[in-house]
>>> print(open('upload06.pdb').read())   # PDB, C-alpha atoms, pLDDT in the B column
ATOM      1  CA  GLN A   1     -45.504 -70.701  24.827  1.00 86.00           C
ATOM      2  CA  VAL A   2     -44.420 -71.404  21.264  1.00 92.00           C
ATOM      3  CA  GLN A   3     -46.076 -69.814  18.254  1.00 94.00           C
ATOM      4  CA  VAL A   4     -45.791 -70.934  14.637  1.00 96.00           C
ATOM      5  CA  VAL A   5     -47.038 -68.493  12.010  1.00 96.00           C
ATOM      6  CA  GLU A   6     -47.129 -69.055   8.251  1.00 97.00           C
ATOM      7  CA  SER A   7     -47.329 -66.401   5.553  1.00 96.00           C
ATOM      8  CA  GLY A   8     -47.096 -66.092   1.795  1.00 96.00           C
ATOM      9  CA  GLY A   9     -50.037 -68.075   0.476  1.00 94.00           C
ATOM     10  CA  GLY A  10     -52.296 -66.874  -2.297  1.00 97.00           C
ATOM     11  CA  LEU A  11     -53.552 -67.409  -5.815  1.00 97.00           C
ATOM     12  CA  VAL A  12     -51.068 -68.217  -8.557  1.00 97.00           C
ATOM     13  CA  GLN A  13     -51.374 -69.415 -12.141  1.00 98.00           C
ATOM     14  CA  PRO A  14     -50.093 -72.836 -13.213  1.00 98.00           C
ATOM     15  CA  GLY A  15     -46.372 -72.663 -13.864  1.00 98.00           C
ATOM     16  CA  GLY A  16     -45.940 -69.782 -11.465  1.00 98.00           C
ATOM     17  CA  SER A  17     -43.960 -69.485  -8.242  1.00 98.00           C
ATOM     18  CA  LEU A  18     -44.755 -68.708  -4.639  1.00 98.00           C
ATOM     19  CA  ARG A  19     -42.682 -68.482  -1.472  1.00 98.00           C
ATOM     20  CA  LEU A  20     -44.044 -69.479   1.902  1.00 98.00           C
ATOM     21  CA  SER A  21     -42.446 -68.363   5.141  1.00 97.00           C
ATOM     22  CA  CYS A  22     -42.829 -69.640   8.682  1.00 96.00           C
ATOM     23  CA  ALA A  23     -41.698 -67.870  11.835  1.00 94.00           C
ATOM     24  CA  ILE A  24     -41.320 -69.649  15.173  1.00 93.00           C
ATOM     25  CA  SER A  25     -41.318 -67.607  18.364  1.00 89.00           C
ATOM     26  CA  GLY A  26     -41.694 -68.049  22.081  1.00 87.00           C
ATOM     27  CA  SER A  27     -39.898 -69.935  24.804  1.00 77.00           C
ATOM     28  CA  MET A  28     -37.392 -72.130  23.010  1.00 72.00           C
ATOM     29  CA  PHE A  29     -34.336 -74.110  24.023  1.00 76.00           C
ATOM     30  CA  SER A  30     -33.891 -75.961  20.758  1.00 86.00           C
ATOM     31  CA  ILE A  31     -35.561 -76.463  17.391  1.00 86.00           C
ATOM     32  CA  SER A  32     -34.828 -79.755  15.666  1.00 88.00           C
ATOM     33  CA  ASN A  33     -36.942 -80.753  12.664  1.00 92.00           C
ATOM     34  CA  MET A  34     -38.890 -78.173  10.708  1.00 94.00           C
ATOM     35  CA  GLY A  35     -41.158 -78.854   7.801  1.00 97.00           C
ATOM     36  CA  TRP A  36     -44.030 -78.032   5.518  1.00 98.00           C
ATOM     37  CA  TYR A  37     -47.132 -80.162   5.153  1.00 98.00           C
ATOM     38  CA  ARG A  38     -50.262 -79.701   3.077  1.00 98.00           C
ATOM     39  CA  GLN A  39     -53.847 -80.819   3.035  1.00 98.00           C
ATOM     40  CA  ALA A  40     -55.946 -80.652  -0.101  1.00 96.00           C
ATOM     41  CA  PRO A  41     -59.765 -80.746   0.016  1.00 91.00           C
ATOM     42  CA  GLY A  42     -60.967 -84.257   0.761  1.00 93.00           C
ATOM     43  CA  LYS A  43     -57.454 -85.587   1.322  1.00 96.00           C
ATOM     44  CA  GLU A  44     -55.273 -86.348   4.313  1.00 97.00           C
ATOM     45  CA  ARG A  45     -52.461 -84.078   5.409  1.00 97.00           C
ATOM     46  CA  GLU A  46     -49.179 -85.049   3.769  1.00 98.00           C
ATOM     47  CA  SER A  47     -45.544 -84.137   4.192  1.00 98.00           C
ATOM     48  CA  VAL A  48     -44.174 -81.818   1.519  1.00 98.00           C
ATOM     49  CA  ALA A  49     -40.643 -81.086   2.701  1.00 98.00           C
ATOM     50  CA  THR A  50     -38.661 -81.317   5.931  1.00 97.00           C
ATOM     51  CA  ILE A  51     -35.297 -80.016   7.086  1.00 95.00           C
ATOM     52  CA  ARG A  52     -33.221 -81.003  10.076  1.00 91.00           C
ATOM     53  CA  SER A  53     -31.166 -78.683  12.250  1.00 85.00           C
ATOM     54  CA  TYR A  54     -27.979 -79.709  10.451  1.00 86.00           C
ATOM     55  CA  GLY A  55     -29.526 -79.124   7.034  1.00 88.00           C
ATOM     56  CA  ALA A  56     -30.569 -82.542   5.742  1.00 94.00           C
ATOM     57  CA  THR A  57     -33.744 -82.313   3.673  1.00 97.00           C
ATOM     58  CA  THR A  58     -36.486 -84.628   2.451  1.00 97.00           C
ATOM     59  CA  TYR A  59     -39.094 -83.975  -0.221  1.00 98.00           C
ATOM     60  CA  ALA A  60     -42.285 -85.653  -1.344  1.00 98.00           C
ATOM     61  CA  ASP A  61     -41.826 -87.256  -4.761  1.00 98.00           C
ATOM     62  CA  SER A  62     -44.538 -85.005  -6.174  1.00 97.00           C
ATOM     63  CA  VAL A  63     -42.540 -81.827  -5.438  1.00 98.00           C
ATOM     64  CA  LYS A  64     -38.944 -82.945  -5.996  1.00 98.00           C
ATOM     65  CA  GLY A  65     -37.136 -80.614  -8.380  1.00 97.00           C
ATOM     66  CA  ARG A  66     -39.807 -77.927  -7.979  1.00 98.00           C
ATOM     67  CA  PHE A  67     -39.847 -77.006  -4.275  1.00 98.00           C
ATOM     68  CA  ILE A  68     -36.944 -75.967  -2.074  1.00 98.00           C
ATOM     69  CA  ILE A  69     -37.031 -75.846   1.715  1.00 97.00           C
ATOM     70  CA  SER A  70     -34.591 -73.677   3.650  1.00 96.00           C
ATOM     71  CA  ARG A  71     -34.188 -72.552   7.231  1.00 91.00           C
ATOM     72  CA  THR A  72     -32.557 -69.626   8.973  1.00 83.00           C
ATOM     73  CA  ASN A  73     -31.569 -70.912  12.385  1.00 71.00           C
ATOM     74  CA  GLY A  74     -30.624 -67.579  13.880  1.00 76.00           C
ATOM     75  CA  ARG A  75     -34.032 -66.192  12.978  1.00 74.00           C
ATOM     76  CA  ASN A  76     -36.020 -69.381  13.677  1.00 89.00           C
ATOM     77  CA  MET A  77     -37.595 -69.323  10.249  1.00 93.00           C
ATOM     78  CA  VAL A  78     -38.238 -71.892   7.570  1.00 95.00           C
ATOM     79  CA  ASP A  79     -39.211 -71.075   3.991  1.00 97.00           C
ATOM     80  CA  LEU A  80     -40.624 -73.062   1.101  1.00 98.00           C
ATOM     81  CA  GLN A  81     -39.874 -71.862  -2.410  1.00 98.00           C
ATOM     82  CA  MET A  82     -42.426 -73.356  -4.771  1.00 98.00           C
ATOM     83  CA  ASN A  83     -41.767 -73.269  -8.506  1.00 98.00           C
ATOM     84  CA  SER A  84     -43.563 -74.676 -11.543  1.00 98.00           C
ATOM     85  CA  LEU A  85     -46.754 -74.878  -9.548  1.00 98.00           C
ATOM     86  CA  LYS A  86     -49.530 -77.194 -10.674  1.00 98.00           C
ATOM     87  CA  PRO A  87     -53.254 -77.244  -9.891  1.00 97.00           C
ATOM     88  CA  ASP A  88     -52.589 -80.399  -7.829  1.00 96.00           C
ATOM     89  CA  ASP A  89     -50.469 -78.263  -5.478  1.00 98.00           C
ATOM     90  CA  THR A  90     -53.609 -76.466  -4.340  1.00 98.00           C
ATOM     91  CA  ALA A  91     -53.942 -77.025  -0.599  1.00 98.00           C
ATOM     92  CA  VAL A  92     -53.639 -75.471   2.814  1.00 98.00           C
ATOM     93  CA  TYR A  93     -49.958 -75.511   3.702  1.00 98.00           C
ATOM     94  CA  TYR A  94     -48.944 -75.977   7.325  1.00 98.00           C
ATOM     95  CA  CYS A  95     -45.636 -75.325   9.011  1.00 98.00           C
ATOM     96  CA  ASN A  96     -44.416 -77.744  11.667  1.00 97.00           C
ATOM     97  CA  ALA A  97     -41.546 -77.313  14.079  1.00 95.00           C
ATOM     98  CA  VAL A  98     -40.240 -79.609  16.788  1.00 94.00           C
ATOM     99  CA  VAL A  99     -39.393 -77.272  19.644  1.00 92.00           C
ATOM    100  CA  ASN A 100     -37.922 -78.553  22.881  1.00 89.00           C
ATOM    101  CA  GLY A 101     -38.860 -82.041  21.717  1.00 91.00           C
ATOM    102  CA  ARG A 102     -42.533 -81.265  21.056  1.00 93.00           C
ATOM    103  CA  PRO A 103     -44.237 -80.695  17.678  1.00 95.00           C
ATOM    104  CA  TYR A 104     -46.014 -77.408  17.058  1.00 96.00           C
ATOM    105  CA  TRP A 105     -48.234 -76.511  14.108  1.00 97.00           C
ATOM    106  CA  GLY A 106     -49.224 -73.259  12.513  1.00 97.00           C
ATOM    107  CA  LYS A 107     -52.792 -72.501  11.459  1.00 97.00           C
ATOM    108  CA  GLY A 108     -51.974 -72.876   7.775  1.00 97.00           C
ATOM    109  CA  THR A 109     -51.916 -70.723   4.666  1.00 97.00           C
ATOM    110  CA  LEU A 110     -53.969 -71.388   1.543  1.00 98.00           C
ATOM    111  CA  VAL A 111     -52.257 -71.871  -1.801  1.00 98.00           C
ATOM    112  CA  THR A 112     -54.497 -71.954  -4.862  1.00 98.00           C
ATOM    113  CA  VAL A 113     -53.067 -72.785  -8.267  1.00 98.00           C
ATOM    114  CA  SER A 114     -55.553 -71.916 -10.964  1.00 97.00           C
ATOM    115  CA  SER A 115     -55.870 -70.049 -14.223  1.00 94.00           C
TER     116      SER A 115
END
>>> encode(input="upload06.pdb", output="structure tokens")
Amino acid sequence: QVQVVESGGGLVQPGGSLRLSCAISGSMFSISNMGWYRQAPGKERESVATIRSYGATTYADSVKGRFIISRTNGRNMVDLQMNSLKPDDTAVYYCNAVVNGRPYWGKGTLVTVSS
């Protein structure tokens, strides 16, 4: 069984920074894509940033230049460094990992950007 666990959410002021971490554990042969998604109140879940096993990344236009996704393959972890945070970044952030060809989701971590 595969487990995906996020950590690092919280309350931060506009302009501040926060780092989210995601750890994947369990019975794994391979991990391909990993990524962060978010869902704000009343909105659909959207992709924030993704990273492939060989390092290629994609970012939502709304976070380009502010967020950085990185992964540590040997430790099966993926992080999201979030800088210059805005109130519009407030959402529950979910980690996703494609393990052995199947997508797995974490339960999410809340990020609130407010003064």
>>> closest_residue(input="upload06.pdb", among="A:Arg102, A:Arg52, A:Lys86, A:Arg45", to="A:Val12", atoms="all atoms listed in the file")
A:Lys86
>>> resolve_selection(input="upload06.pdb", expression="the PyMOL selection byres ((chain A and resi 29-41) around 6)", output="PyMOL selection string")
chain A and resi 28+42-53+91-100
>>> residues_near_point(input="upload06.pdb", point="(-58.0, -66.9, -4.7)", cutoff="9 Å", atoms="all atoms listed in the file", output="PyMOL selection string")
chain A and resi 10-12+110-114
>>> atom_distance(input="upload06.pdb", atom1="atom CA of A:Trp105", atom2="atom CA of A:Gln13")
27.4 Å
>>> closest_residue(input="upload06.pdb", among="A:Gly108, A:Asn83, A:Gly101, A:Thr90", to="A:Ser17", atoms="only C-alpha atoms")
A:Asn83
>>> resolve_selection(input="upload06.pdb", expression="the PyMOL selection byres ((chain A and resi 26) around 9)", output="PyMOL selection string")
chain A and resi 1-4+24-25+27-28
>>> resolve_selection(input="upload06.pdb", expression="the PyMOL selection byres ((chain A and resi 70) around 12)", output="MDAnalysis selection string")
chainID A and resid 19:22 33:36 49:59 67:69 71:73 75:82
>>> closest_residue(input="upload06.pdb", among="A:Thr109, A:Asp88, A:Tyr104, A:Val63", to="A:Gly9", atoms="only C-alpha atoms")
A:Thr109
>>> closest_residue(input="upload06.pdb", among="A:Asp61, A:Leu85, A:Gly74, A:Gly106", to="A:Pro14", atoms="only C-alpha atoms")
A:Leu85
>>> axis_aligned_box(input="upload06.pdb", around="stretch 81-93 of chain A", padding_each_side="5 Å", output="lines of an AutoDock Vina configuration file")
center_x = -46.9
center_y = -76.1
center_z = -3.9
size_x = 24.1
size_y = 18.5
size_z = 25.2
